[in-house]
>>> print(open('upload_3.cif').read())   # mmCIF, C-alpha atoms and all ligand atoms
data_query
loop_
_atom_site.label_atom_id
_atom_site.label_comp_id
_atom_site.auth_asym_id
_atom_site.auth_seq_id
_atom_site.Cartn_x
_atom_site.Cartn_y
_atom_site.Cartn_z
CA MET Q 1 -28.15 31.06 -63.82
CA ALA Q 2 -24.47 31.36 -64.62
CA GLU Q 3 -22.55 28.10 -64.37
CA ARG Q 4 -19.49 28.55 -62.17
CA SER Q 5 -16.56 26.23 -62.50
CA SER Q 6 -16.65 25.18 -58.83
CA ASP Q 7 -20.32 24.19 -58.89
CA LEU Q 8 -20.70 20.47 -58.25
CA ILE Q 9 -24.04 20.24 -60.08
CA VAL Q 10 -25.14 22.40 -63.01
CA GLN Q 11 -28.07 22.36 -65.40
CA ARG Q 12 -27.60 21.05 -68.93
CA PRO Q 13 -30.15 20.47 -71.71
CA GLU Q 14 -30.06 16.75 -70.78
CA GLY Q 15 -30.64 17.29 -67.05
CA LEU Q 16 -28.79 18.04 -63.82
CA TYR Q 17 -25.09 17.37 -64.45
CA CYS Q 18 -22.03 16.86 -62.24
CA PRO Q 19 -19.08 18.05 -64.37
CA ALA Q 20 -16.39 16.69 -62.02
CA GLY Q 21 -17.97 13.23 -61.88
CA ASP Q 22 -19.29 13.23 -65.46
CA PHE Q 23 -22.75 11.92 -64.57
CA TYR Q 24 -26.33 13.17 -64.64
CA ILE Q 25 -29.02 13.07 -61.98
CA ASP Q 26 -32.54 12.15 -63.23
CA PRO Q 27 -31.77 13.29 -66.81
CA TRP Q 28 -34.72 13.76 -69.19
CA ARG Q 29 -32.65 13.06 -72.30
CA PRO Q 30 -30.56 9.89 -72.90
CA VAL Q 31 -27.07 10.08 -71.34
CA ALA Q 32 -24.18 7.68 -70.72
CA ARG Q 33 -24.44 7.62 -66.91
CA ALA Q 34 -27.53 8.46 -64.88
CA VAL Q 35 -28.00 8.53 -61.12
CA ILE Q 36 -31.73 8.04 -60.48
CA THR Q 37 -33.47 9.38 -57.36
CA HIS Q 38 -36.64 7.31 -57.78
CA ALA Q 39 -38.77 5.38 -60.26
CA HIS Q 40 -41.50 7.95 -61.07
CA ALA Q 41 -41.69 8.43 -64.84
CA ASP Q 42 -40.52 12.04 -64.86
CA HIS Q 43 -37.31 11.14 -63.00
CA ALA Q 44 -36.49 7.64 -64.30
CA ARG Q 45 -36.52 7.53 -68.07
CA ARG Q 46 -35.48 4.95 -70.64
CA GLY Q 47 -32.42 5.12 -72.84
CA HIS Q 48 -29.50 5.81 -70.51
CA GLY Q 49 -26.29 3.79 -70.84
CA ALA Q 50 -25.87 2.98 -67.15
CA TYR Q 51 -28.12 3.55 -64.13
CA LEU Q 52 -27.19 4.00 -60.49
CA ALA Q 53 -30.02 3.88 -57.93
CA THR Q 54 -30.89 2.37 -54.57
CA ALA Q 55 -30.87 -1.43 -54.56
CA ILE Q 56 -34.34 -1.41 -52.99
CA SER Q 57 -35.76 0.43 -56.01
CA GLU Q 58 -34.48 -2.21 -58.42
CA GLY Q 59 -37.81 -4.09 -58.59
CA VAL Q 60 -39.88 -1.00 -59.43
CA LEU Q 61 -37.26 0.38 -61.84
CA ARG Q 62 -37.13 -2.87 -63.77
CA ALA Q 63 -40.94 -3.20 -63.71
CA ARG Q 64 -41.18 0.20 -65.37
CA LEU Q 65 -38.07 0.43 -67.58
CA GLY Q 66 -37.50 -3.19 -68.59
CA HIS Q 67 -33.91 -4.29 -69.12
CA ILE Q 68 -31.45 -1.64 -67.91
CA THR Q 69 -27.82 -1.73 -66.77
CA LEU Q 70 -28.32 -0.98 -63.11
CA GLN Q 71 -25.97 -0.68 -60.16
CA GLY Q 72 -27.85 -0.75 -56.86
CA LEU Q 73 -26.58 0.95 -53.72
CA ALA Q 74 -27.63 0.57 -50.10
CA TYR Q 75 -28.67 3.81 -48.41
CA GLY Q 76 -25.52 5.52 -47.15
CA GLU Q 77 -23.12 3.41 -49.24
CA THR Q 78 -20.53 5.50 -51.10
CA VAL Q 79 -19.20 4.97 -54.62
CA LEU Q 80 -16.60 6.99 -56.51
CA LEU Q 81 -17.54 8.29 -59.94
CA ASN Q 82 -14.46 9.89 -61.53
CA GLY Q 83 -13.14 10.67 -58.05
CA VAL Q 84 -16.43 12.24 -56.89
CA GLN Q 85 -18.07 10.60 -53.86
CA VAL Q 86 -21.71 9.70 -54.47
CA SER Q 87 -24.12 8.26 -51.90
CA LEU Q 88 -27.90 7.88 -51.66
CA HIS Q 89 -30.03 8.83 -48.64
CA PRO Q 90 -33.74 8.28 -47.89
CA ALA Q 91 -36.16 10.85 -49.35
CA GLY Q 92 -39.38 9.44 -47.82
CA HIS Q 93 -41.24 9.85 -51.14
CA VAL Q 94 -41.76 6.32 -52.55
CA LEU Q 95 -40.09 2.90 -52.22
CA GLY Q 96 -36.36 3.31 -52.80
CA SER Q 97 -36.49 7.08 -53.26
CA ALA Q 98 -33.21 8.82 -52.55
CA GLN Q 99 -31.47 12.13 -52.21
CA VAL Q 100 -28.14 12.13 -54.03
CA ARG Q 101 -25.22 13.36 -51.95
CA VAL Q 102 -22.24 14.47 -54.03
CA ALA Q 103 -18.93 15.32 -52.31
CA HIS Q 104 -15.79 16.60 -53.99
CA LYS Q 105 -12.85 18.76 -52.88
CA GLY Q 106 -14.43 19.65 -49.55
CA GLN Q 107 -17.81 20.63 -51.00
CA VAL Q 108 -21.04 18.71 -50.39
CA TRP Q 109 -24.13 19.10 -52.58
CA VAL Q 110 -27.41 17.22 -52.22
CA ALA Q 111 -29.94 16.80 -55.04
CA SER Q 112 -33.10 15.62 -53.34
CA GLY Q 113 -35.33 14.60 -56.26
CA ASP Q 114 -38.87 14.44 -54.85
CA TYR Q 115 -39.24 14.08 -51.12
CA PHE Q 116 -41.80 13.84 -48.34
CA CYS Q 117 -40.86 15.51 -45.11
CA SER Q 118 -43.87 16.26 -42.95
CA GLY Q 119 -44.39 19.56 -41.20
CA HIS Q 120 -45.71 17.45 -38.28
CA GLU Q 121 -43.26 15.82 -35.92
CA SER Q 122 -43.01 12.03 -36.48
CA ASP Q 123 -45.47 11.93 -39.39
CA ALA Q 124 -43.68 9.85 -42.01
CA ASN Q 125 -44.55 7.80 -45.05
CA THR Q 126 -44.66 4.28 -43.59
CA THR Q 127 -44.25 2.49 -46.93
CA CYS Q 128 -40.64 3.60 -47.40
CA ALA Q 129 -37.60 4.75 -45.44
CA PRO Q 130 -38.37 8.18 -43.91
CA PHE Q 131 -36.67 11.36 -45.13
CA GLU Q 132 -33.25 11.89 -43.57
CA PRO Q 133 -31.78 15.38 -43.62
CA VAL Q 134 -28.23 15.43 -45.02
CA ARG Q 135 -25.92 18.32 -44.11
CA CYS Q 136 -24.63 20.09 -47.20
CA ASP Q 137 -23.32 23.35 -48.64
CA CYS Q 138 -25.88 23.42 -51.44
CA PHE Q 139 -29.29 21.74 -51.40
CA ILE Q 140 -31.27 21.20 -54.58
CA THR Q 141 -34.96 21.02 -53.68
CA GLU Q 142 -38.25 20.45 -55.42
CA SER Q 143 -41.09 22.85 -54.73
CA THR Q 144 -44.18 21.05 -56.01
CA PHE Q 145 -46.27 22.32 -53.10
CA GLY Q 146 -44.13 25.33 -52.28
CA LEU Q 147 -46.93 27.75 -51.46
CA PRO Q 148 -48.09 28.71 -47.94
CA ILE Q 149 -51.61 27.38 -48.71
CA TYR Q 150 -50.28 23.80 -48.77
CA ARG Q 151 -50.37 22.39 -45.26
CA TRP Q 152 -51.09 18.69 -44.89
CA ARG Q 153 -53.09 17.38 -41.95
CA PRO Q 154 -51.47 14.46 -40.10
CA GLN Q 155 -51.78 11.38 -42.31
CA ALA Q 156 -53.70 9.40 -39.69
CA GLU Q 157 -56.52 12.00 -39.81
CA VAL Q 158 -56.76 11.81 -43.59
CA MET Q 159 -56.78 8.01 -43.51
CA ALA Q 160 -59.55 8.09 -40.88
CA ASP Q 161 -61.63 10.23 -43.28
CA ILE Q 162 -61.01 7.77 -46.10
CA ASN Q 163 -62.05 4.83 -43.90
CA THR Q 164 -65.26 6.65 -42.84
CA TRP Q 165 -66.12 7.38 -46.48
CA TRP Q 166 -65.50 3.72 -47.44
CA ARG Q 167 -67.51 2.36 -44.48
CA THR Q 168 -70.47 4.65 -45.28
CA ASN Q 169 -70.48 3.50 -48.90
CA ALA Q 170 -70.19 -0.18 -47.93
CA GLU Q 171 -73.15 0.17 -45.58
CA ALA Q 172 -75.15 1.77 -48.41
CA GLY Q 173 -74.19 -1.08 -50.77
CA ARG Q 174 -72.05 0.86 -53.24
CA ALA Q 175 -68.43 0.47 -54.29
CA SER Q 176 -65.81 3.03 -53.27
CA LEU Q 177 -63.54 4.02 -56.15
CA LEU Q 178 -60.39 5.58 -54.74
CA LEU Q 179 -58.11 7.16 -57.32
CA GLY Q 180 -54.40 7.57 -56.64
CA TYR Q 181 -51.15 7.35 -58.61
CA SER Q 182 -50.13 3.72 -59.14
CA PHE Q 183 -46.62 3.98 -57.74
CA GLY Q 184 -46.30 5.29 -54.22
CA LYS Q 185 -49.72 6.76 -53.52
CA ALA Q 186 -51.62 3.52 -54.07
CA GLN Q 187 -49.37 1.61 -51.65
CA ARG Q 188 -49.54 4.38 -49.08
CA LEU Q 189 -53.34 4.28 -49.24
CA LEU Q 190 -53.32 0.49 -48.92
CA ALA Q 191 -51.09 0.64 -45.87
CA GLY Q 192 -53.43 3.15 -44.23
CA VAL Q 193 -56.94 1.80 -44.91
CA ASP Q 194 -58.79 -0.54 -42.55
CA PRO Q 195 -59.11 -3.93 -44.33
CA GLY Q 196 -61.80 -4.90 -41.82
CA ILE Q 197 -64.33 -2.70 -43.66
CA GLY Q 198 -64.48 -4.87 -46.78
CA PRO Q 199 -62.58 -6.39 -49.70
CA ILE Q 200 -59.90 -4.37 -51.48
CA VAL Q 201 -59.59 -4.61 -55.26
CA VAL Q 202 -56.66 -3.14 -57.18
CA HIS Q 203 -56.40 -2.11 -60.82
CA ASP Q 204 -53.94 -4.05 -63.02
CA ALA Q 205 -51.63 -1.01 -63.21
CA ILE Q 206 -51.18 -1.09 -59.43
CA ALA Q 207 -50.79 -4.85 -58.83
CA PRO Q 208 -47.17 -5.23 -60.10
CA LEU Q 209 -46.05 -2.28 -57.97
CA ASN Q 210 -47.70 -3.82 -54.91
CA ALA Q 211 -45.72 -6.97 -55.66
CA ALA Q 212 -42.48 -4.97 -55.74
CA TYR Q 213 -43.33 -3.35 -52.39
CA ARG Q 214 -44.16 -6.70 -50.81
CA ALA Q 215 -40.94 -8.19 -52.18
CA ALA Q 216 -39.09 -5.31 -50.51
CA GLY Q 217 -40.68 -6.24 -47.17
CA VAL Q 218 -43.42 -3.59 -47.00
CA GLN Q 219 -46.59 -4.91 -45.34
CA LEU Q 220 -49.74 -4.34 -47.40
CA PRO Q 221 -53.23 -5.80 -46.80
CA VAL Q 222 -54.56 -8.64 -48.95
CA THR Q 223 -55.89 -7.36 -52.27
CA GLN Q 224 -57.96 -8.92 -55.02
CA PRO Q 225 -57.72 -8.63 -58.79
CA VAL Q 226 -60.29 -6.77 -60.86
CA ALA Q 227 -61.97 -10.06 -61.84
CA ALA Q 228 -63.30 -10.30 -58.28
CA LEU Q 229 -65.70 -7.44 -59.10
CA ALA Q 230 -67.88 -9.90 -61.01
CA ASP Q 231 -69.21 -10.91 -57.58
CA ARG Q 232 -71.94 -8.37 -56.86
CA ALA Q 233 -71.94 -8.82 -53.09
CA LEU Q 234 -68.20 -8.27 -52.98
CA ARG Q 235 -68.39 -5.27 -55.31
CA GLN Q 236 -70.92 -3.51 -53.11
CA ARG Q 237 -68.55 -3.43 -50.14
CA ALA Q 238 -65.31 -3.08 -52.03
CA LEU Q 239 -62.69 -0.39 -51.98
CA VAL Q 240 -61.41 -0.21 -55.55
CA LEU Q 241 -58.00 1.38 -55.97
CA ALA Q 242 -57.17 2.66 -59.46
CA PRO Q 243 -55.01 5.29 -61.15
CA PRO Q 244 -56.70 8.62 -62.01
CA ALA Q 245 -56.51 7.83 -65.75
CA VAL Q 246 -59.47 5.41 -65.45
CA ARG Q 247 -61.89 8.29 -64.85
CA GLY Q 248 -64.73 8.35 -67.36
CA SER Q 249 -63.68 5.06 -68.96
CA ALA Q 250 -65.67 1.90 -69.58
CA TRP Q 251 -63.54 0.33 -66.83
CA VAL Q 252 -65.35 2.39 -64.19
CA ARG Q 253 -68.79 1.35 -65.44
CA GLN Q 254 -68.22 -2.25 -64.33
CA LEU Q 255 -68.38 -0.97 -60.74
CA GLY Q 256 -72.05 -0.07 -61.08
CA ASP Q 257 -73.26 2.31 -58.36
CA CYS Q 258 -70.14 3.79 -56.81
CA SER Q 259 -68.74 6.81 -55.02
CA ASP Q 260 -65.48 8.23 -56.38
CA ALA Q 261 -62.66 10.06 -54.65
CA PHE Q 262 -59.15 11.22 -55.47
CA ALA Q 263 -56.25 11.19 -53.00
CA SER Q 264 -53.72 13.85 -53.97
CA GLY Q 265 -52.06 16.95 -52.60
CA TRP Q 266 -53.94 18.88 -55.29
CA MET Q 267 -57.18 18.12 -53.45
CA GLN Q 268 -56.22 20.72 -50.87
CA LEU Q 269 -57.12 23.43 -53.37
CA ARG Q 270 -60.61 24.70 -52.85
CA GLY Q 271 -62.63 23.79 -55.90
CA GLY Q 272 -60.15 21.17 -57.08
CA ARG Q 273 -62.52 18.33 -56.35
CA ARG Q 274 -65.58 20.12 -57.71
CA ARG Q 275 -63.78 20.98 -60.92
CA GLN Q 276 -63.10 17.33 -61.46
CA GLY Q 277 -66.65 16.28 -60.63
CA LEU Q 278 -65.60 13.90 -57.86
CA ASP Q 279 -67.61 13.00 -54.77
CA ARG Q 280 -64.64 13.41 -52.46
CA GLY Q 281 -61.08 14.70 -52.47
CA PHE Q 282 -58.52 13.65 -49.86
CA ALA Q 283 -55.43 15.85 -49.54
CA LEU Q 284 -52.71 13.24 -49.16
CA SER Q 285 -49.39 13.75 -50.90
CA ASP Q 286 -46.04 12.04 -51.29
CA HIS Q 287 -44.45 15.49 -51.49
CA ALA Q 288 -43.60 17.86 -48.66
CA ASP Q 289 -46.03 20.68 -47.95
CA TRP Q 290 -44.91 24.26 -47.27
CA PRO Q 291 -43.89 23.65 -43.61
CA GLY Q 292 -42.28 20.33 -44.60
CA LEU Q 293 -40.17 21.95 -47.34
CA GLN Q 294 -39.02 24.63 -44.92
CA ARG Q 295 -38.19 22.05 -42.27
CA ALA Q 296 -36.24 19.93 -44.72
CA ILE Q 297 -34.27 22.84 -46.16
CA THR Q 298 -33.43 24.26 -42.72
CA ALA Q 299 -32.25 20.85 -41.50
CA THR Q 300 -29.60 20.61 -44.24
CA GLY Q 301 -27.79 23.68 -42.93
CA ALA Q 302 -27.17 24.67 -46.56
CA SER Q 303 -26.24 28.28 -47.27
CA ARG Q 304 -27.22 27.92 -50.90
CA VAL Q 305 -30.43 26.39 -52.29
CA ILE Q 306 -31.40 25.65 -55.87
CA VAL Q 307 -35.10 25.12 -56.55
CA THR Q 308 -36.28 22.79 -59.30
CA HIS Q 309 -39.87 21.94 -60.23
CA GLY Q 310 -42.97 23.53 -58.77
CA GLU Q 311 -43.45 26.95 -57.28
CA GLU Q 312 -39.88 28.11 -57.91
CA ALA Q 313 -40.42 31.88 -57.68
CA VAL Q 314 -42.25 31.83 -54.35
CA MET Q 315 -39.75 29.44 -52.82
CA VAL Q 316 -36.71 31.39 -54.08
CA ARG Q 317 -38.16 34.58 -52.63
CA TRP Q 318 -38.76 32.93 -49.25
CA LEU Q 319 -35.22 31.50 -49.20
CA ARG Q 320 -33.68 34.90 -49.94
CA GLN Q 321 -35.74 36.38 -47.11
CA GLN Q 322 -34.05 33.82 -44.84
CA GLY Q 323 -30.68 35.19 -45.93
CA LEU Q 324 -29.82 32.19 -48.11
CA ARG Q 325 -28.38 32.28 -51.57
CA ALA Q 326 -31.14 30.94 -53.80
CA GLU Q 327 -31.81 30.40 -57.48
CA SER Q 328 -33.74 27.98 -59.67
CA PHE Q 329 -33.02 25.41 -62.35
CA SER Q 330 -35.53 24.78 -65.07
CA THR Q 331 -36.18 21.06 -65.33
CA GLU Q 332 -38.64 18.74 -67.02
CA TYR Q 333 -39.81 17.12 -63.77
CA GLY Q 334 -43.34 17.20 -62.46
CA SER Q 335 -44.93 16.48 -65.82
CA GLY Q 336 -47.44 13.78 -66.58
CA ASP Q 337 -49.86 11.67 -64.64
CA ASP Q 338 -47.19 9.77 -62.84
CA SER Q 339 -45.36 12.45 -60.88
CA GLY Q 340 -46.83 11.19 -57.63
CA ALA Q 341 -48.39 14.39 -56.31
ZN ZN T 401 -41.79 11.46 -57.65
ZN ZN T 402 -40.88 14.99 -59.42
#
>>> encode(input="upload_3.cif", output="structure tokens")
Amino acid sequence: MAERSSDLIVQRPEGLYCPAGDFYIDPWRPVARAVITHAHADHARRGHGAYLATAISEGVLRARLGHITLQGLAYGETVLLNGVQVSLHPAGHVLGSAQVRVAHKGQVWVASGDYFCSGHESDANTTCAPFEPVRCDCFITESTFGLPIYRWRPQAEVMADINTWWRTNAEAGRASLLLGYSFGKAQRLLAGVDPGIGPIVVHDAIAPLNAAYRAAGVQLPVTQPVAALADRALRQRALVLAPPAVRGSAWVRQLGDCSDAFASGWMQLRGGRRRQGLDRGFALSDHADWPGLQRAITATGASRVIVTHGEEAVMVRWLRQQGLRAESFSTEYGSGDDSGA
């Protein structure tokens, strides 16, 4: 799209850029000043000079990026960058995730990063601050699940299915291997399962993120390290939480007889589970579904919407049908195993 001089945020080869404030939002190439929406690997990368993010995401950012120059903001707190007002507002996606509100010369733009806004009333991600709509002139939205086929069931129903699957396995004396992305999804699953069914074991990739969540005050059930699996009786009743990358590895073989399942929005696709050869697929996502995206966009009151990663074309067409001005940016988000779908 053509860059107009009054646009508060434009696309550059390095990432989304605010010319008036001279900063980038979730850049994918190294820049001097980066505002980071959340700590997933496709949004928070190494190599920037200075980072600005929510204070509550500091633990996860440092766990993933090591030593960085980081300024932490409370939700709703405003800072001035080159005279441009910048504030961060809850996105409901993962711990510390934020939408970036940028205000300058009477214009307000919001870049939302990744967000979870449910299509169901009062169905929020309980492991982080829920999505808060921010009024703006232009809203920059993701569209990971921006197709009408994506409609999440209420989370409590999905969690009940997961608990039933786990209980059935435990009664049959086999482990339940539940795959989910280490940051965000794993903690959401932990917060939703019934620890009364049996012991919960977490993969080493998940444990440090659990620690960051607990340090931030998020309640998670007691979990055990992988070494606990040496106990056969424990293993046979255990729920084992691991990232999807462990599939087919020697790591899985230590579980012995087990049932495997994957919790992801992609599991809503018919055939998705079968293609991956899994016993079960649970459609649970940290991203908004089609009704959730529509609800979020409508709530901003924006007359202009820019669509980033996902199903851009379908979403842009729908937005134009609503009478909104809509276009897309091409970004490098949504790539890799750690995008939290
Ligand atoms: Zn994300
Ligand atoms: Zn993303």
>>> closest_atom_pairs(input="upload_3.cif", of="chain Q", to="ligand ZN 401 (chain T)", cutoff="8 Å", atoms="all atoms listed in the file", output="CSV")
residue,atom,partner,partner_atom,distance
Q:His38,CA,T:ZN401,ZN,6.6
Q:Ala39,CA,T:ZN401,ZN,7.3
Q:His40,CA,T:ZN401,ZN,4.9
Q:Ala41,CA,T:ZN401,ZN,7.8
Q:Asp42,CA,T:ZN401,ZN,7.3
Q:His43,CA,T:ZN401,ZN,7.0
Q:His93,CA,T:ZN401,ZN,6.7
Q:Val94,CA,T:ZN401,ZN,7.2
Q:Gly113,CA,T:ZN401,ZN,7.3
Q:Asp114,CA,T:ZN401,ZN,5.0
Q:Tyr115,CA,T:ZN401,ZN,7.5
Q:Asp286,CA,T:ZN401,ZN,7.7
Q:His287,CA,T:ZN401,ZN,7.8
Q:Gly334,CA,T:ZN401,ZN,7.6
Q:Asp338,CA,T:ZN401,ZN,7.7
Q:Ser339,CA,T:ZN401,ZN,4.9
Q:Gly340,CA,T:ZN401,ZN,5.0
Q:Ala341,CA,T:ZN401,ZN,7.3
>>> residues_around(input="upload_3.cif", residues="region 48-63 of chain Q", least_positions_apart="6", cutoff="8 Å", atoms="only C-alpha atoms", output="mmCIF file with C-alpha atoms, in the coordinates of the input")
data_model
loop_
_atom_site.group_PDB
_atom_site.id
_atom_site.type_symbol
_atom_site.label_atom_id
_atom_site.label_comp_id
_atom_site.auth_asym_id
_atom_site.auth_seq_id
_atom_site.Cartn_x
_atom_site.Cartn_y
_atom_site.Cartn_z
ATOM 1 C CA PRO Q 30 -30.560 9.890 -72.900
ATOM 2 C CA VAL Q 31 -27.070 10.080 -71.340
ATOM 3 C CA ALA Q 32 -24.180 7.680 -70.720
ATOM 4 C CA ARG Q 33 -24.440 7.620 -66.910
ATOM 5 C CA ALA Q 34 -27.530 8.460 -64.880
ATOM 6 C CA VAL Q 35 -28.000 8.530 -61.120
ATOM 7 C CA ILE Q 36 -31.730 8.040 -60.480
ATOM 8 C CA THR Q 37 -33.470 9.380 -57.360
ATOM 9 C CA HIS Q 38 -36.640 7.310 -57.780
ATOM 10 C CA ALA Q 39 -38.770 5.380 -60.260
ATOM 11 C CA THR Q 69 -27.820 -1.730 -66.770
ATOM 12 C CA LEU Q 70 -28.320 -0.980 -63.110
ATOM 13 C CA GLN Q 71 -25.970 -0.680 -60.160
ATOM 14 C CA GLY Q 72 -27.850 -0.750 -56.860
ATOM 15 C CA LEU Q 73 -26.580 0.950 -53.720
ATOM 16 C CA ALA Q 74 -27.630 0.570 -50.100
ATOM 17 C CA TYR Q 75 -28.670 3.810 -48.410
ATOM 18 C CA LEU Q 88 -27.900 7.880 -51.660
ATOM 19 C CA LEU Q 95 -40.090 2.900 -52.220
ATOM 20 C CA GLY Q 96 -36.360 3.310 -52.800
ATOM 21 C CA SER Q 97 -36.490 7.080 -53.260
ATOM 22 C CA ALA Q 98 -33.210 8.820 -52.550
ATOM 23 C CA PRO Q 208 -47.170 -5.230 -60.100
ATOM 24 C CA LEU Q 209 -46.050 -2.280 -57.970
ATOM 25 C CA ALA Q 212 -42.480 -4.970 -55.740
ATOM 26 C CA ALA Q 216 -39.090 -5.310 -50.510
#
>>> atom_distance(input="upload_3.cif", atom1="CA of Glu311 (chain Q)", atom2="CA of Ala299 (chain Q)")
20.3 Å
>>> residues_near_point(input="upload_3.cif", point="(-26.8, 15.4, -66.4)", cutoff="7 Å", atoms="all atoms listed in the file", output="number ranges by chain")
Q: 12, 14-18, 23-25, 27
>>> atom_distance(input="upload_3.cif", atom1="CA of Phe329 (chain Q)", atom2="CA of Ser112 (chain Q)")
13.3 Å
>>> closest_residue(input="upload_3.cif", among="Q:Leu278, Q:Leu220, Q:Ala44, Q:Ala215", to="ligand ZN 402 (chain T)", atoms="only C-alpha atoms and all ligand atoms")
Q:Ala44
>>> closest_residue(input="upload_3.cif", among="Q:Leu284, Q:Ala207, Q:Val240, Q:Leu269", to="Arg188 (chain Q)", atoms="all atoms listed in the file")
Q:Leu284
>>> residues_near_point(input="upload_3.cif", point="(-45.7, 3.8, -47.0)", cutoff="8 Å", atoms="all atoms listed in the file", output="PyMOL selection string")
chain Q and resi 94-95+125-128+184+187-189+191+218
>>> atom_distance(input="upload_3.cif", atom1="CA of Ser328 (chain Q)", atom2="CA of His309 (chain Q)")
8.6 Å
>>> closest_residue(input="upload_3.cif", among="Q:Gly47, Q:His203, Q:Tyr181, Q:Ser143", to="Leu319 (chain Q)", atoms="all atoms listed in the file")
Q:Ser143
>>> build_atoms(input="upload_3.cif", residues="region 100-111 of chain Q", atoms="N, CA and C atoms", output="PDB file, in the coordinates of the input")
ATOM      1  N   VAL Q 100     -29.491  12.441 -53.555  1.00  0.00           N
ATOM      2  CA  VAL Q 100     -28.140  12.130 -54.030  1.00  0.00           C
ATOM      3  C   VAL Q 100     -27.159  13.096 -53.376  1.00  0.00           C
ATOM      4  N   ARG Q 101     -26.256  12.544 -52.568  1.00  0.00           N
ATOM      5  CA  ARG Q 101     -25.220  13.360 -51.950  1.00  0.00           C
ATOM      6  C   ARG Q 101     -23.964  13.267 -52.800  1.00  0.00           C
ATOM      7  N   VAL Q 102     -23.422  14.418 -53.174  1.00  0.00           N
ATOM      8  CA  VAL Q 102     -22.240  14.470 -54.030  1.00  0.00           C
ATOM      9  C   VAL Q 102     -21.167  15.260 -53.282  1.00  0.00           C
ATOM     10  N   ALA Q 103     -20.000  14.649 -53.060  1.00  0.00           N
ATOM     11  CA  ALA Q 103     -18.930  15.320 -52.310  1.00  0.00           C
ATOM     12  C   ALA Q 103     -17.648  15.314 -53.125  1.00  0.00           C
ATOM     13  N   HIS Q 104     -17.005  16.484 -53.186  1.00  0.00           N
ATOM     14  CA  HIS Q 104     -15.790  16.600 -53.990  1.00  0.00           C
ATOM     15  C   HIS Q 104     -15.008  17.828 -53.524  1.00  0.00           C
ATOM     16  N   LYS Q 105     -13.726  17.651 -53.268  1.00  0.00           N
ATOM     17  CA  LYS Q 105     -12.850  18.760 -52.880  1.00  0.00           C
ATOM     18  C   LYS Q 105     -13.430  19.616 -51.762  1.00  0.00           C
ATOM     19  N   GLY Q 106     -13.953  18.941 -50.737  1.00  0.00           N
ATOM     20  CA  GLY Q 106     -14.430  19.650 -49.550  1.00  0.00           C
ATOM     21  C   GLY Q 106     -15.819  20.250 -49.666  1.00  0.00           C
ATOM     22  N   GLN Q 107     -16.440  20.111 -50.841  1.00  0.00           N
ATOM     23  CA  GLN Q 107     -17.810  20.630 -51.000  1.00  0.00           C
ATOM     24  C   GLN Q 107     -18.806  19.482 -50.982  1.00  0.00           C
ATOM     25  N   VAL Q 108     -19.972  19.723 -50.379  1.00  0.00           N
ATOM     26  CA  VAL Q 108     -21.040  18.710 -50.390  1.00  0.00           C
ATOM     27  C   VAL Q 108     -22.310  19.331 -50.974  1.00  0.00           C
ATOM     28  N   TRP Q 109     -22.850  18.689 -51.992  1.00  0.00           N
ATOM     29  CA  TRP Q 109     -24.130  19.100 -52.580  1.00  0.00           C
ATOM     30  C   TRP Q 109     -25.097  17.930 -52.455  1.00  0.00           C
ATOM     31  N   VAL Q 110     -26.373  18.252 -52.269  1.00  0.00           N
ATOM     32  CA  VAL Q 110     -27.410  17.220 -52.220  1.00  0.00           C
ATOM     33  C   VAL Q 110     -28.516  17.574 -53.203  1.00  0.00           C
ATOM     34  N   ALA Q 111     -28.787  16.651 -54.126  1.00  0.00           N
ATOM     35  CA  ALA Q 111     -29.940  16.800 -55.040  1.00  0.00           C
ATOM     36  C   ALA Q 111     -31.012  15.854 -54.518  1.00  0.00           C
TER      37      ALA Q 111
END
